[in-house]
$ cat work-v6.pdb   # PDB, C-alpha atoms
ATOM      1  CA  MET A   1     -55.242 -82.431   8.952
ATOM      2  CA  SER A   2     -56.383 -85.901   9.907
ATOM      3  CA  ASN A   3     -55.305 -89.434   9.072
ATOM      4  CA  LEU A   4     -51.677 -88.369   8.829
ATOM      5  CA  PRO A   5     -48.896 -90.954   9.148
ATOM      6  CA  VAL A   6     -47.695 -91.183  12.755
ATOM      7  CA  LEU A   7     -44.386 -89.509  13.562
ATOM      8  CA  ASP A   8     -42.369 -91.795  15.845
ATOM      9  CA  ALA A   9     -39.790 -90.591  18.380
ATOM     10  CA  GLY A  10     -36.765 -91.740  16.382
ATOM     11  CA  THR A  11     -37.865 -89.901  13.252
ATOM     12  CA  LEU A  12     -38.732 -86.819  15.309
ATOM     13  CA  LEU A  13     -35.178 -86.728  16.660
ATOM     14  CA  GLU A  14     -33.734 -87.076  13.145
ATOM     15  CA  ILE A  15     -35.846 -84.115  12.055
ATOM     16  CA  TYR A  16     -34.505 -82.120  15.018
ATOM     17  CA  LYS A  17     -30.902 -82.898  14.030
ATOM     18  CA  LYS A  18     -31.501 -81.595  10.507
ATOM     19  CA  ALA A  19     -33.319 -78.483  11.724
ATOM     20  CA  ALA A  20     -30.553 -77.733  14.247
ATOM     21  CA  LEU A  21     -27.902 -78.091  11.546
ATOM     22  CA  ILE A  22     -29.806 -75.629   9.358
ATOM     23  CA  ARG A  23     -30.367 -73.082  12.150
ATOM     24  CA  TYR A  24     -26.794 -73.097  13.513
ATOM     25  CA  ASN A  25     -25.253 -73.078  10.045
ATOM     26  CA  ASP A  26     -27.381 -70.078   9.067
ATOM     27  CA  MET A  27     -26.295 -68.222  12.208
ATOM     28  CA  ARG A  28     -22.636 -68.971  11.386
ATOM     29  CA  VAL A  29     -22.978 -67.753   7.804
ATOM     30  CA  ILE A  30     -24.484 -64.454   8.939
ATOM     31  CA  LYS A  31     -21.753 -64.081  11.576
ATOM     32  CA  ALA A  32     -19.063 -64.595   8.916
ATOM     33  CA  MET A  33     -20.726 -62.055   6.649
ATOM     34  CA  LYS A  34     -20.921 -59.440   9.399
ATOM     35  CA  ALA A  35     -17.223 -60.059  10.113
ATOM     36  CA  GLY A  36     -16.394 -59.352   6.479
ATOM     37  CA  LEU A  37     -15.168 -62.896   5.828
ATOM     38  CA  LEU A  38     -17.899 -63.769   3.331
ATOM     39  CA  MET A  39     -18.828 -61.283   0.625
ATOM     40  CA  THR A  40     -21.794 -62.818  -1.135
ATOM     41  CA  PRO A  41     -25.534 -62.442  -1.614
ATOM     42  CA  TYR A  42     -27.170 -64.647   1.016
ATOM     43  CA  TYR A  43     -30.833 -65.515   1.466
ATOM     44  CA  SER A  44     -31.352 -66.690   5.019
ATOM     45  CA  PRO A  45     -33.692 -69.669   5.536
ATOM     46  CA  ALA A  46     -34.200 -68.856   9.250
ATOM     47  CA  GLY A  47     -37.798 -69.693  10.151
ATOM     48  CA  GLN A  48     -38.179 -72.292   7.379
ATOM     49  CA  GLU A  49     -36.170 -75.156   8.926
ATOM     50  CA  ILE A  50     -39.010 -77.627   9.485
ATOM     51  CA  ILE A  51     -40.065 -77.996   5.835
ATOM     52  CA  PRO A  52     -36.895 -79.585   4.384
ATOM     53  CA  SER A  53     -36.111 -81.433   7.622
ATOM     54  CA  ALA A  54     -39.493 -83.175   7.770
ATOM     55  CA  LEU A  55     -39.347 -83.877   4.038
ATOM     56  CA  SER A  56     -35.836 -85.290   3.887
ATOM     57  CA  VAL A  57     -36.385 -88.054   6.447
ATOM     58  CA  ASN A  58     -38.688 -89.558   3.795
ATOM     59  CA  LEU A  59     -36.028 -89.441   1.063
ATOM     60  CA  ASN A  60     -33.226 -91.866   0.302
ATOM     61  CA  ASP A  61     -29.804 -91.530  -1.316
ATOM     62  CA  GLY A  62     -31.128 -92.096  -4.837
ATOM     63  CA  ASP A  63     -33.706 -89.315  -4.614
ATOM     64  CA  THR A  64     -32.855 -85.880  -5.964
ATOM     65  CA  ILE A  65     -33.738 -82.311  -5.060
ATOM     66  CA  CYS A  66     -33.585 -78.960  -6.822
ATOM     67  CA  THR A  67     -33.937 -75.664  -5.051
ATOM     68  CA  ILE A  68     -33.551 -71.911  -5.452
ATOM     69  CA  TYR A  69     -31.226 -69.250  -4.060
ATOM     70  CA  ARG A  70     -32.959 -69.456  -0.659
ATOM     71  CA  GLY A  71     -32.104 -73.132  -0.528
ATOM     72  CA  THR A  72     -29.166 -73.771   1.778
ATOM     73  CA  HIS A  73     -31.598 -75.381   4.216
ATOM     74  CA  ASP A  74     -32.910 -77.742   1.525
ATOM     75  CA  MET A  75     -29.392 -78.836   0.613
ATOM     76  CA  LEU A  76     -28.239 -79.404   4.193
ATOM     77  CA  ALA A  77     -31.348 -81.424   5.027
ATOM     78  CA  LYS A  78     -30.781 -83.696   2.010
ATOM     79  CA  GLY A  79     -27.173 -84.347   2.974
ATOM     80  CA  PHE A  80     -24.918 -81.725   1.357
ATOM     81  CA  PRO A  81     -21.646 -82.142   3.354
ATOM     82  CA  LEU A  82     -20.459 -79.147   5.377
ATOM     83  CA  GLY A  83     -16.876 -79.150   4.065
ATOM     84  CA  PRO A  84     -17.624 -78.642   0.358
ATOM     85  CA  LEU A  85     -20.508 -76.342   1.285
ATOM     86  CA  TRP A  86     -18.415 -73.890   3.284
ATOM     87  CA  ALA A  87     -15.550 -74.008   0.800
ATOM     88  CA  GLU A  88     -18.043 -73.119  -1.903
ATOM     89  CA  LEU A  89     -19.475 -70.253   0.140
ATOM     90  CA  ALA A  90     -15.918 -68.978   0.662
ATOM     91  CA  GLY A  91     -15.065 -69.315  -3.044
ATOM     92  CA  ARG A  92     -12.270 -71.833  -2.498
ATOM     93  CA  ILE A  93     -11.028 -74.552  -4.862
ATOM     94  CA  THR A  94     -12.232 -77.288  -2.455
ATOM     95  CA  GLY A  95     -15.825 -76.139  -2.861
ATOM     96  CA  SER A  96     -18.392 -78.391  -4.509
ATOM     97  CA  CYS A  97     -18.176 -76.224  -7.654
ATOM     98  CA  LYS A  98     -14.510 -75.305  -7.163
ATOM     99  CA  GLY A  99     -15.601 -72.019  -5.609
ATOM    100  CA  LYS A 100     -17.235 -70.861  -8.835
ATOM    101  CA  GLY A 101     -20.886 -71.427  -7.880
ATOM    102  CA  GLY A 102     -21.173 -69.687  -4.539
ATOM    103  CA  THR A 103     -24.357 -69.347  -2.526
ATOM    104  CA  MET A 104     -26.534 -69.018  -5.628
ATOM    105  CA  HIS A 105     -25.432 -72.264  -7.274
ATOM    106  CA  LEU A 106     -24.788 -74.898  -4.595
ATOM    107  CA  THR A 107     -24.539 -78.286  -6.260
ATOM    108  CA  HIS A 108     -23.506 -81.729  -4.942
ATOM    109  CA  PRO A 109     -24.942 -84.525  -7.117
ATOM    110  CA  GLU A 110     -23.264 -87.219  -4.965
ATOM    111  CA  SER A 111     -25.804 -86.499  -2.210
ATOM    112  CA  GLY A 112     -28.727 -85.937  -4.582
ATOM    113  CA  CYS A 113     -28.444 -82.138  -4.313
ATOM    114  CA  MET A 114     -28.633 -81.527  -8.058
ATOM    115  CA  VAL A 115     -28.854 -77.770  -8.376
ATOM    116  CA  THR A 116     -29.480 -74.471  -6.634
ATOM    117  CA  THR A 117     -30.735 -71.982  -9.196
ATOM    118  CA  GLY A 118     -30.546 -68.217  -9.230
ATOM    119  CA  VAL A 119     -33.547 -67.915 -11.555
ATOM    120  CA  VAL A 120     -36.942 -67.739  -9.862
ATOM    121  CA  GLY A 121     -38.861 -70.987 -10.284
ATOM    122  CA  SER A 122     -36.343 -72.720 -12.510
ATOM    123  CA  SER A 123     -36.067 -75.586 -10.020
ATOM    124  CA  MET A 124     -39.421 -76.898 -11.273
ATOM    125  CA  PRO A 125     -38.669 -77.792 -14.927
ATOM    126  CA  ILE A 126     -35.308 -79.276 -13.882
ATOM    127  CA  ALA A 127     -36.957 -81.473 -11.228
ATOM    128  CA  THR A 128     -39.583 -82.491 -13.773
ATOM    129  CA  GLY A 129     -36.778 -83.708 -16.032
ATOM    130  CA  LEU A 130     -35.206 -85.572 -13.133
ATOM    131  CA  GLY A 131     -38.593 -87.148 -12.450
ATOM    132  CA  TRP A 132     -38.773 -88.299 -16.067
ATOM    133  CA  SER A 133     -35.302 -89.799 -15.705
ATOM    134  CA  ALA A 134     -36.332 -91.550 -12.478
ATOM    135  CA  LYS A 135     -39.403 -93.019 -14.155
ATOM    136  CA  LEU A 136     -37.327 -94.347 -17.071
ATOM    137  CA  GLU A 137     -34.843 -95.947 -14.672
ATOM    138  CA  GLY A 138     -37.664 -97.619 -12.733
ATOM    139  CA  LYS A 139     -35.835 -97.756  -9.403
ATOM    140  CA  GLY A 140     -38.551 -96.004  -7.405
ATOM    141  CA  HIS A 141     -36.663 -92.744  -6.928
ATOM    142  CA  VAL A 142     -38.375 -89.382  -6.632
ATOM    143  CA  ALA A 143     -37.394 -85.812  -7.508
ATOM    144  CA  VAL A 144     -38.244 -82.751  -5.421
ATOM    145  CA  ALA A 145     -38.676 -79.163  -6.632
ATOM    146  CA  ASN A 146     -38.476 -76.487  -3.937
ATOM    147  CA  PHE A 147     -39.641 -72.966  -4.761
ATOM    148  CA  GLY A 148     -41.274 -69.919  -3.203
ATOM    149  CA  ASP A 149     -44.750 -68.445  -3.471
ATOM    150  CA  GLY A 150     -43.616 -65.844  -6.013
ATOM    151  CA  ALA A 151     -42.440 -68.627  -8.334
ATOM    152  CA  ALA A 152     -45.923 -70.143  -8.327
ATOM    153  CA  ASN A 153     -46.981 -67.237 -10.578
ATOM    154  CA  ILE A 154     -44.513 -67.844 -13.408
ATOM    155  CA  GLY A 155     -45.101 -69.912 -16.528
ATOM    156  CA  ALA A 156     -42.663 -72.679 -15.597
ATOM    157  CA  PHE A 157     -44.855 -73.580 -12.608
ATOM    158  CA  HIS A 158     -47.834 -74.370 -14.842
ATOM    159  CA  GLU A 159     -45.777 -76.056 -17.552
ATOM    160  CA  SER A 160     -44.011 -78.298 -15.022
ATOM    161  CA  LEU A 161     -47.152 -79.344 -13.154
ATOM    162  CA  ASN A 162     -48.993 -80.064 -16.390
ATOM    163  CA  LEU A 163     -46.278 -82.293 -17.834
ATOM    164  CA  ALA A 164     -45.543 -84.067 -14.545
ATOM    165  CA  SER A 165     -49.212 -84.904 -14.091
ATOM    166  CA  LEU A 166     -49.720 -85.912 -17.741
ATOM    167  CA  TRP A 167     -46.813 -88.367 -17.579
ATOM    168  CA  LYS A 168     -47.419 -89.436 -13.929
ATOM    169  CA  LEU A 169     -43.896 -88.436 -12.962
ATOM    170  CA  PRO A 170     -42.536 -89.053  -9.419
ATOM    171  CA  VAL A 171     -42.088 -85.361  -8.600
ATOM    172  CA  ILE A 172     -42.893 -83.527  -5.353
ATOM    173  CA  PHE A 173     -43.490 -79.816  -5.880
ATOM    174  CA  ILE A 174     -42.973 -78.012  -2.569
ATOM    175  CA  CYS A 175     -43.928 -74.364  -2.451
ATOM    176  CA  GLN A 176     -42.380 -72.845   0.670
ATOM    177  CA  ASN A 177     -44.917 -70.038   1.022
ATOM    178  CA  ASN A 178     -43.224 -67.532   3.341
ATOM    179  CA  ARG A 179     -45.822 -64.900   2.421
ATOM    180  CA  TYR A 180     -43.406 -62.530   0.651
ATOM    181  CA  ALA A 181     -42.091 -62.716  -2.917
ATOM    182  CA  GLU A 182     -38.979 -60.582  -2.551
ATOM    183  CA  HIS A 183     -40.653 -57.359  -1.264
ATOM    184  CA  THR A 184     -44.259 -58.066  -2.286
ATOM    185  CA  SER A 185     -46.820 -59.674   0.007
ATOM    186  CA  PHE A 186     -48.701 -62.798  -1.028
ATOM    187  CA  ALA A 187     -52.017 -60.909  -0.891
ATOM    188  CA  ASN A 188     -50.737 -58.313  -3.353
ATOM    189  CA  SER A 189     -49.391 -60.783  -5.884
ATOM    190  CA  THR A 190     -51.583 -63.891  -6.003
ATOM    191  CA  ALA A 191     -55.227 -64.281  -7.037
ATOM    192  CA  VAL A 192     -56.001 -67.419  -5.014
ATOM    193  CA  ASP A 193     -55.984 -67.842  -1.253
ATOM    194  CA  GLN A 194     -54.363 -71.289  -1.435
ATOM    195  CA  LEU A 195     -51.826 -72.223  -4.088
ATOM    196  CA  SER A 196     -52.607 -75.919  -3.663
ATOM    197  CA  LYS A 197     -55.989 -75.284  -5.343
ATOM    198  CA  ARG A 198     -54.107 -74.937  -8.629
ATOM    199  CA  ALA A 199     -53.232 -78.648  -8.524
ATOM    200  CA  ALA A 200     -56.819 -79.532  -9.438
ATOM    201  CA  GLY A 201     -56.371 -77.750 -12.759
ATOM    202  CA  TYR A 202     -53.773 -80.334 -13.703
ATOM    203  CA  GLY A 203     -55.530 -83.382 -12.279
ATOM    204  CA  MET A 204     -52.951 -83.928  -9.579
ATOM    205  CA  ALA A 205     -52.950 -84.117  -5.783
ATOM    206  CA  GLY A 206     -52.478 -80.872  -3.890
ATOM    207  CA  VAL A 207     -52.527 -79.912  -0.228
ATOM    208  CA  THR A 208     -51.841 -76.875   1.948
ATOM    209  CA  VAL A 209     -50.180 -77.530   5.305
ATOM    210  CA  ASN A 210     -48.605 -75.573   8.130
ATOM    211  CA  GLY A 211     -44.982 -76.043   7.100
ATOM    212  CA  ASN A 212     -43.831 -75.053  10.581
ATOM    213  CA  ASP A 213     -45.822 -77.902  12.161
ATOM    214  CA  VAL A 214     -43.638 -80.997  12.205
ATOM    215  CA  ASP A 215     -46.558 -83.451  12.177
ATOM    216  CA  GLU A 216     -48.380 -81.804   9.271
ATOM    217  CA  MET A 217     -45.234 -81.351   7.201
ATOM    218  CA  TYR A 218     -43.910 -84.877   7.841
ATOM    219  CA  GLY A 219     -47.298 -86.437   7.107
ATOM    220  CA  ALA A 220     -47.893 -84.540   3.882
ATOM    221  CA  ALA A 221     -44.375 -85.284   2.662
ATOM    222  CA  LYS A 222     -44.624 -88.996   3.446
ATOM    223  CA  ILE A 223     -47.957 -89.344   1.634
ATOM    224  CA  ALA A 224     -46.578 -87.510  -1.408
ATOM    225  CA  VAL A 225     -43.324 -89.499  -1.517
ATOM    226  CA  ASP A 226     -45.151 -92.820  -1.089
ATOM    227  CA  ARG A 227     -47.552 -91.843  -3.875
ATOM    228  CA  ALA A 228     -44.696 -90.927  -6.200
ATOM    229  CA  ARG A 229     -42.777 -94.163  -5.484
ATOM    230  CA  ALA A 230     -45.941 -96.171  -6.204
ATOM    231  CA  GLY A 231     -46.182 -94.643  -9.681
ATOM    232  CA  GLU A 232     -49.267 -92.583  -8.830
ATOM    233  CA  GLY A 233     -47.792 -89.282 -10.007
ATOM    234  CA  PRO A 234     -46.806 -85.911  -8.596
ATOM    235  CA  THR A 235     -48.083 -83.859  -5.655
ATOM    236  CA  LEU A 236     -48.141 -80.126  -5.014
ATOM    237  CA  ILE A 237     -47.509 -79.273  -1.343
ATOM    238  CA  GLU A 238     -48.016 -75.676  -0.269
ATOM    239  CA  ALA A 239     -46.123 -75.377   3.029
ATOM    240  CA  LEU A 240     -47.022 -72.191   4.904
ATOM    241  CA  THR A 241     -44.084 -70.622   6.746
ATOM    242  CA  PHE A 242     -42.358 -67.279   7.352
ATOM    243  CA  ARG A 243     -38.852 -65.912   6.955
ATOM    244  CA  PHE A 244     -37.124 -64.143   9.832
ATOM    245  CA  ASN A 245     -35.065 -61.783   7.673
ATOM    246  CA  GLY A 246     -35.477 -59.560   4.648
ATOM    247  CA  HIS A 247     -35.245 -60.919   1.119
ATOM    248  CA  LEU A 248     -31.476 -61.162   1.555
ATOM    249  CA  ILE A 249     -29.025 -60.158   4.242
ATOM    250  CA  GLY A 250     -28.792 -56.375   4.119
ATOM    251  CA  ASP A 251     -32.503 -55.915   3.384
ATOM    252  CA  ALA A 252     -34.072 -54.424   6.537
ATOM    253  CA  ALA A 253     -37.519 -55.875   5.618
ATOM    254  CA  GLY A 254     -39.293 -52.574   6.261
ATOM    255  CA  TYR A 255     -42.163 -53.770   4.051
ATOM    256  CA  ILE A 256     -43.080 -56.480   6.585
ATOM    257  CA  PRO A 257     -45.305 -55.159   9.400
ATOM    258  CA  LYS A 258     -43.434 -55.267  12.694
ATOM    259  CA  ASP A 259     -46.218 -57.099  14.511
ATOM    260  CA  GLU A 260     -46.268 -59.771  11.789
ATOM    261  CA  MET A 261     -42.543 -60.353  12.097
ATOM    262  CA  ALA A 262     -42.684 -60.308  15.918
ATOM    263  CA  SER A 263     -45.494 -62.869  15.959
ATOM    264  CA  ALA A 264     -43.572 -65.184  13.639
ATOM    265  CA  LYS A 265     -40.430 -65.028  15.763
ATOM    266  CA  GLN A 266     -42.441 -65.549  18.949
ATOM    267  CA  ASN A 267     -43.648 -68.804  17.394
ATOM    268  CA  ASP A 268     -40.178 -69.832  16.232
ATOM    269  CA  PRO A 269     -40.650 -73.304  14.688
ATOM    270  CA  PHE A 270     -37.181 -74.473  15.745
ATOM    271  CA  VAL A 271     -37.848 -73.603  19.397
ATOM    272  CA  THR A 272     -41.237 -75.291  19.148
ATOM    273  CA  LEU A 273     -39.633 -78.408  17.666
ATOM    274  CA  ARG A 274     -37.092 -78.629  20.493
ATOM    275  CA  LYS A 275     -39.891 -78.439  23.068
ATOM    276  CA  ARG A 276     -41.772 -81.138  21.181
ATOM    277  CA  VAL A 277     -38.764 -83.479  21.262
ATOM    278  CA  LEU A 278     -38.570 -83.053  25.033
ATOM    279  CA  VAL A 279     -42.310 -83.506  25.595
ATOM    280  CA  ASP A 280     -42.298 -86.694  23.506
ATOM    281  CA  ASP A 281     -39.247 -87.891  25.424
ATOM    282  CA  ALA A 282     -37.420 -88.464  22.143
ATOM    283  CA  ALA A 283     -34.285 -87.110  23.851
ATOM    284  CA  SER A 284     -33.311 -85.419  27.099
ATOM    285  CA  GLU A 285     -32.278 -81.778  27.330
ATOM    286  CA  GLU A 286     -28.704 -82.905  27.985
ATOM    287  CA  ALA A 287     -28.772 -85.103  24.883
ATOM    288  CA  LEU A 288     -30.059 -82.221  22.744
ATOM    289  CA  ASP A 289     -27.363 -79.929  24.130
ATOM    290  CA  ALA A 290     -24.756 -82.537  23.141
ATOM    291  CA  ILE A 291     -26.252 -82.794  19.643
ATOM    292  CA  ASP A 292     -26.158 -79.007  19.305
ATOM    293  CA  ALA A 293     -22.541 -78.856  20.489
ATOM    294  CA  ASP A 294     -21.479 -81.539  18.011
ATOM    295  CA  ILE A 295     -23.195 -79.723  15.140
ATOM    296  CA  LYS A 296     -21.557 -76.411  16.046
ATOM    297  CA  ALA A 297     -18.146 -78.103  16.277
ATOM    298  CA  ARG A 298     -18.568 -79.677  12.844
ATOM    299  CA  ILE A 299     -19.573 -76.317  11.395
ATOM    300  CA  GLU A 300     -16.480 -74.639  12.894
ATOM    301  CA  GLU A 301     -14.290 -77.405  11.479
ATOM    302  CA  ALA A 302     -15.774 -76.802   8.020
ATOM    303  CA  VAL A 303     -15.345 -73.037   8.364
ATOM    304  CA  LYS A 304     -11.661 -73.376   9.275
ATOM    305  CA  ALA A 305     -10.979 -75.842   6.454
ATOM    306  CA  ALA A 306     -12.695 -73.529   3.984
ATOM    307  CA  PHE A 307     -10.685 -70.445   4.852
ATOM    308  CA  ASP A 308      -7.450 -72.454   4.991
ATOM    309  CA  ALA A 309      -8.005 -73.722   1.426
ATOM    310  CA  GLU A 310      -6.565 -72.136  -1.716
ATOM    311  CA  TRP A 311      -8.402 -69.840  -4.105
ATOM    312  CA  PRO A 312      -9.147 -71.259  -7.586
ATOM    313  CA  ASP A 313      -6.363 -70.615 -10.089
ATOM    314  CA  VAL A 314      -7.120 -68.146 -12.858
ATOM    315  CA  SER A 315      -6.932 -71.100 -15.281
ATOM    316  CA  GLU A 316     -10.247 -72.284 -13.767
ATOM    317  CA  LEU A 317     -12.054 -69.156 -14.928
ATOM    318  CA  LYS A 318     -13.575 -70.668 -18.093
ATOM    319  CA  ARG A 319     -13.253 -74.373 -17.249
ATOM    320  CA  ASP A 320     -16.597 -76.184 -16.673
ATOM    321  CA  VAL A 321     -18.422 -73.380 -18.486
ATOM    322  CA  PHE A 322     -18.188 -74.808 -22.022
ATOM    323  CA  ALA A 323     -17.426 -78.394 -23.091
ATOM    324  CA  HIS A 324     -14.719 -76.915 -25.302
ATOM    325  CA  GLU A 325     -13.378 -73.435 -24.818
ATOM    326  CA  LEU A 326     -14.582 -71.256 -27.693
ATOM    327  CA  ALA A 327     -12.034 -68.461 -27.594
TER     328      ALA A 327
END

$ encode --input "work-v6.pdb" --output "structure tokens"
Amino acid sequence: MSNLPVLDAGTLLEIYKKAALIRYNDMRVIKAMKAGLLMTPYYSPAGQEIIPSALSVNLNDGDTICTIYRGTHDMLAKGFPLGPLWAELAGRITGSCKGKGGTMHLTHPESGCMVTTGVVGSSMPIATGLGWSAKLEGKGHVAVANFGDGAANIGAFHESLNLASLWKLPVIFICQNNRYAEHTSFANSTAVDQLSKRAAGYGMAGVTVNGNDVDEMYGAAKIAVDRARAGEGPTLIEALTFRFNGHLIGDAAGYIPKDEMASAKQNDPFVTLRKRVLVDDAASEEALDAIDADIKARIEEAVKAAFDAEWPDVSELKRDVFAHELA
């Protein structure tokens, strides 16, 4: 891509901090699962750290995001605090949903993390509604819908893009195209070679970028966010990436060719980002090591607090489900 906004050293370092938080937190979750401390479905975002990190440096506190079950990285990048996150993963009363949402339903409206959905593609109509709300309020806020390439083939994708474009809503649709919809390859499930081409059918801006390239992802996100804040309507960003694990932890990913997986890991976007920070002299190796150590310490603090907390009382079982208990 050309004519992209320039990524300065300070912003590059902020992106690194978010990506490092995502990578180390993911490693800690998997470690806890293998130790039998967490018993939950978990969809690792390893390999997809750059997309939400490069996006979120363009967002402010009043902006909102929605994501799907593979969305822990989106939430952390936006600002979901570690304490309530880990307590929620562990099912404790101090979790953001009192331990009743778990990995599939992470929610923290205070930081703009509105919802993690367990239904494929349902982030899009919710974000479209948040975009409508933002437009009515007139404060220049934007809403982001994260989803995968499989979700781009459901009806809600088309309905959301059509309405958002018709009403010029400040919504950023980000398809994190990791090339596999559960166990099915992109080539075997999608009729177009680039999902961004579908934007033209709704009269809205659309672009395909290398989501693992920090410059391309940052630039595309900044242009889309600026356009939305200016009242010029939504954008569809197809961010190409790859996931380093099966659909969820426990899936051996035998349907992904070994050479394809090996190539992706050899070009690990987090490792590439760290090298880029050093080459640009945005921070020294010692400074990055200190940042990493601080992140890992904060994660361990959140883990300990989570497992020290109480379980929800049985009286919480139906609370927050209905406005008034029905029976």

$ residues_around --input "work-v6.pdb" --residues "segment 262-276 of chain A" --least-positions-apart "3" --cutoff "10 Å" --atoms "all atoms listed in the file" --output "ChimeraX atom specification"
/A:12-13,15-17,19-20,22-23,46-50,211-214,241-244,257-259,279-283,285,288

$ write_last_selection --input "work-v6.pdb" --atoms "C-alpha atoms" --output "PDB file, in the frame of the given file"
ATOM      1  CA  LEU A  12     -38.732 -86.819  15.309  1.00  0.00           C
ATOM      2  CA  LEU A  13     -35.178 -86.728  16.660  1.00  0.00           C
ATOM      3  CA  ILE A  15     -35.846 -84.115  12.055  1.00  0.00           C
ATOM      4  CA  TYR A  16     -34.505 -82.120  15.018  1.00  0.00           C
ATOM      5  CA  LYS A  17     -30.902 -82.898  14.030  1.00  0.00           C
ATOM      6  CA  ALA A  19     -33.319 -78.483  11.724  1.00  0.00           C
ATOM      7  CA  ALA A  20     -30.553 -77.733  14.247  1.00  0.00           C
ATOM      8  CA  ILE A  22     -29.806 -75.629   9.358  1.00  0.00           C
ATOM      9  CA  ARG A  23     -30.367 -73.082  12.150  1.00  0.00           C
ATOM     10  CA  ALA A  46     -34.200 -68.856   9.250  1.00  0.00           C
ATOM     11  CA  GLY A  47     -37.798 -69.693  10.151  1.00  0.00           C
ATOM     12  CA  GLN A  48     -38.179 -72.292   7.379  1.00  0.00           C
ATOM     13  CA  GLU A  49     -36.170 -75.156   8.926  1.00  0.00           C
ATOM     14  CA  ILE A  50     -39.010 -77.627   9.485  1.00  0.00           C
ATOM     15  CA  GLY A 211     -44.982 -76.043   7.100  1.00  0.00           C
ATOM     16  CA  ASN A 212     -43.831 -75.053  10.581  1.00  0.00           C
ATOM     17  CA  ASP A 213     -45.822 -77.902  12.161  1.00  0.00           C
ATOM     18  CA  VAL A 214     -43.638 -80.997  12.205  1.00  0.00           C
ATOM     19  CA  THR A 241     -44.084 -70.622   6.746  1.00  0.00           C
ATOM     20  CA  PHE A 242     -42.358 -67.279   7.352  1.00  0.00           C
ATOM     21  CA  ARG A 243     -38.852 -65.912   6.955  1.00  0.00           C
ATOM     22  CA  PHE A 244     -37.124 -64.143   9.832  1.00  0.00           C
ATOM     23  CA  PRO A 257     -45.305 -55.159   9.400  1.00  0.00           C
ATOM     24  CA  LYS A 258     -43.434 -55.267  12.694  1.00  0.00           C
ATOM     25  CA  ASP A 259     -46.218 -57.099  14.511  1.00  0.00           C
ATOM     26  CA  VAL A 279     -42.310 -83.506  25.595  1.00  0.00           C
ATOM     27  CA  ASP A 280     -42.298 -86.694  23.506  1.00  0.00           C
ATOM     28  CA  ASP A 281     -39.247 -87.891  25.424  1.00  0.00           C
ATOM     29  CA  ALA A 282     -37.420 -88.464  22.143  1.00  0.00           C
ATOM     30  CA  ALA A 283     -34.285 -87.110  23.851  1.00  0.00           C
ATOM     31  CA  GLU A 285     -32.278 -81.778  27.330  1.00  0.00           C
ATOM     32  CA  LEU A 288     -30.059 -82.221  22.744  1.00  0.00           C
TER      33      LEU A 288
END

$ resolve_selection --input "work-v6.pdb" --expression "the PyMOL selection byres ((chain A and resi 222) around 9)" --output "CSV table (one decimal) with C-alpha atoms, in the frame of the given file"
chain,number,residue,atom,x,y,z
A,4,LEU,CA,-51.7,-88.4,8.8
A,5,PRO,CA,-48.9,-91.0,9.1
A,54,ALA,CA,-39.5,-83.2,7.8
A,55,LEU,CA,-39.3,-83.9,4.0
A,57,VAL,CA,-36.4,-88.1,6.4
A,58,ASN,CA,-38.7,-89.6,3.8
A,59,LEU,CA,-36.0,-89.4,1.1
A,217,MET,CA,-45.2,-81.4,7.2
A,218,TYR,CA,-43.9,-84.9,7.8
A,219,GLY,CA,-47.3,-86.4,7.1
A,220,ALA,CA,-47.9,-84.5,3.9
A,221,ALA,CA,-44.4,-85.3,2.7
A,223,ILE,CA,-48.0,-89.3,1.6
A,224,ALA,CA,-46.6,-87.5,-1.4
A,225,VAL,CA,-43.3,-89.5,-1.5
A,226,ASP,CA,-45.2,-92.8,-1.1
A,227,ARG,CA,-47.6,-91.8,-3.9

$ residues_around --input "work-v6.pdb" --residues "segment 133-141 of chain A" --least-positions-apart "4" --cutoff "12 Å" --atoms "all atoms listed in the file" --output "MDAnalysis selection string"
chainID A and resid 58:65 112 126:129 164 167:172 225:234

$ axis_aligned_box --input "work-v6.pdb" --around "segment 67-84 of chain A" --padding-each-side "6 Å" --output "AutoDock Vina command-line options"
--center_x -25.4 --center_y -76.8 --center_z 0.0 --size_x 29.1 --size_y 27.1 --size_z 22.8

$ residues_around --input "work-v6.pdb" --residues "Phe80 of chain A" --least-positions-apart "3" --cutoff "7 Å" --atoms "all atoms listed in the file" --output "ChimeraX atom specification"
/A:75-76,85,108,111,113

$ residues_around --input "work-v6.pdb" --residues "Thr103 of chain A" --least-positions-apart "3" --cutoff "8 Å" --atoms "only C-alpha atoms" --output "number ranges by chain"
A: 40-42, 69, 72, 88-89, 106

$ atom_distance --input "work-v6.pdb" --atom1 "atom CA of Arg198 of chain A" --atom2 "atom CA of Thr184 of chain A"
20.5 Å

$ resolve_selection --input "work-v6.pdb" --expression "the PyMOL selection byres ((chain A and resi 147-154) around 7)" --output "NGL selection string"
:A and (67-68 or 120-121 or 123 or 145-146 or 155-157 or 174-177 or 179 or 181)

$ closest_residue --input "work-v6.pdb" --among "A:Arg70, A:His247, A:His183, A:His324" --to "His105 of chain A" --atoms "only C-alpha atoms"
A:Arg70

$ closest_residue --input "work-v6.pdb" --among "A:Ser53, A:Cys66, A:Asp74, A:Ile93" --to "Ala305 of chain A" --atoms "only C-alpha atoms"
A:Ile93

$ closest_residue --input "work-v6.pdb" --among "A:Asn25, A:Thr117, A:Asn178, A:Ser185" --to "Asp292 of chain A" --atoms "all atoms listed in the file"
A:Asn25

$ residues_around --input "work-v6.pdb" --residues "segment 310-312 of chain A" --least-positions-apart "2" --cutoff "7 Å" --atoms "only C-alpha atoms" --output "list in words"
Gly91, Arg92, Ile93, Lys98, Gly99, Asp308, Val314 and Glu316 of chain A

$ closest_residue --input "work-v6.pdb" --among "A:Ser315, A:Val29, A:Ala239, A:Ser160" --to "Met204 of chain A" --atoms "only C-alpha atoms"
A:Ser160
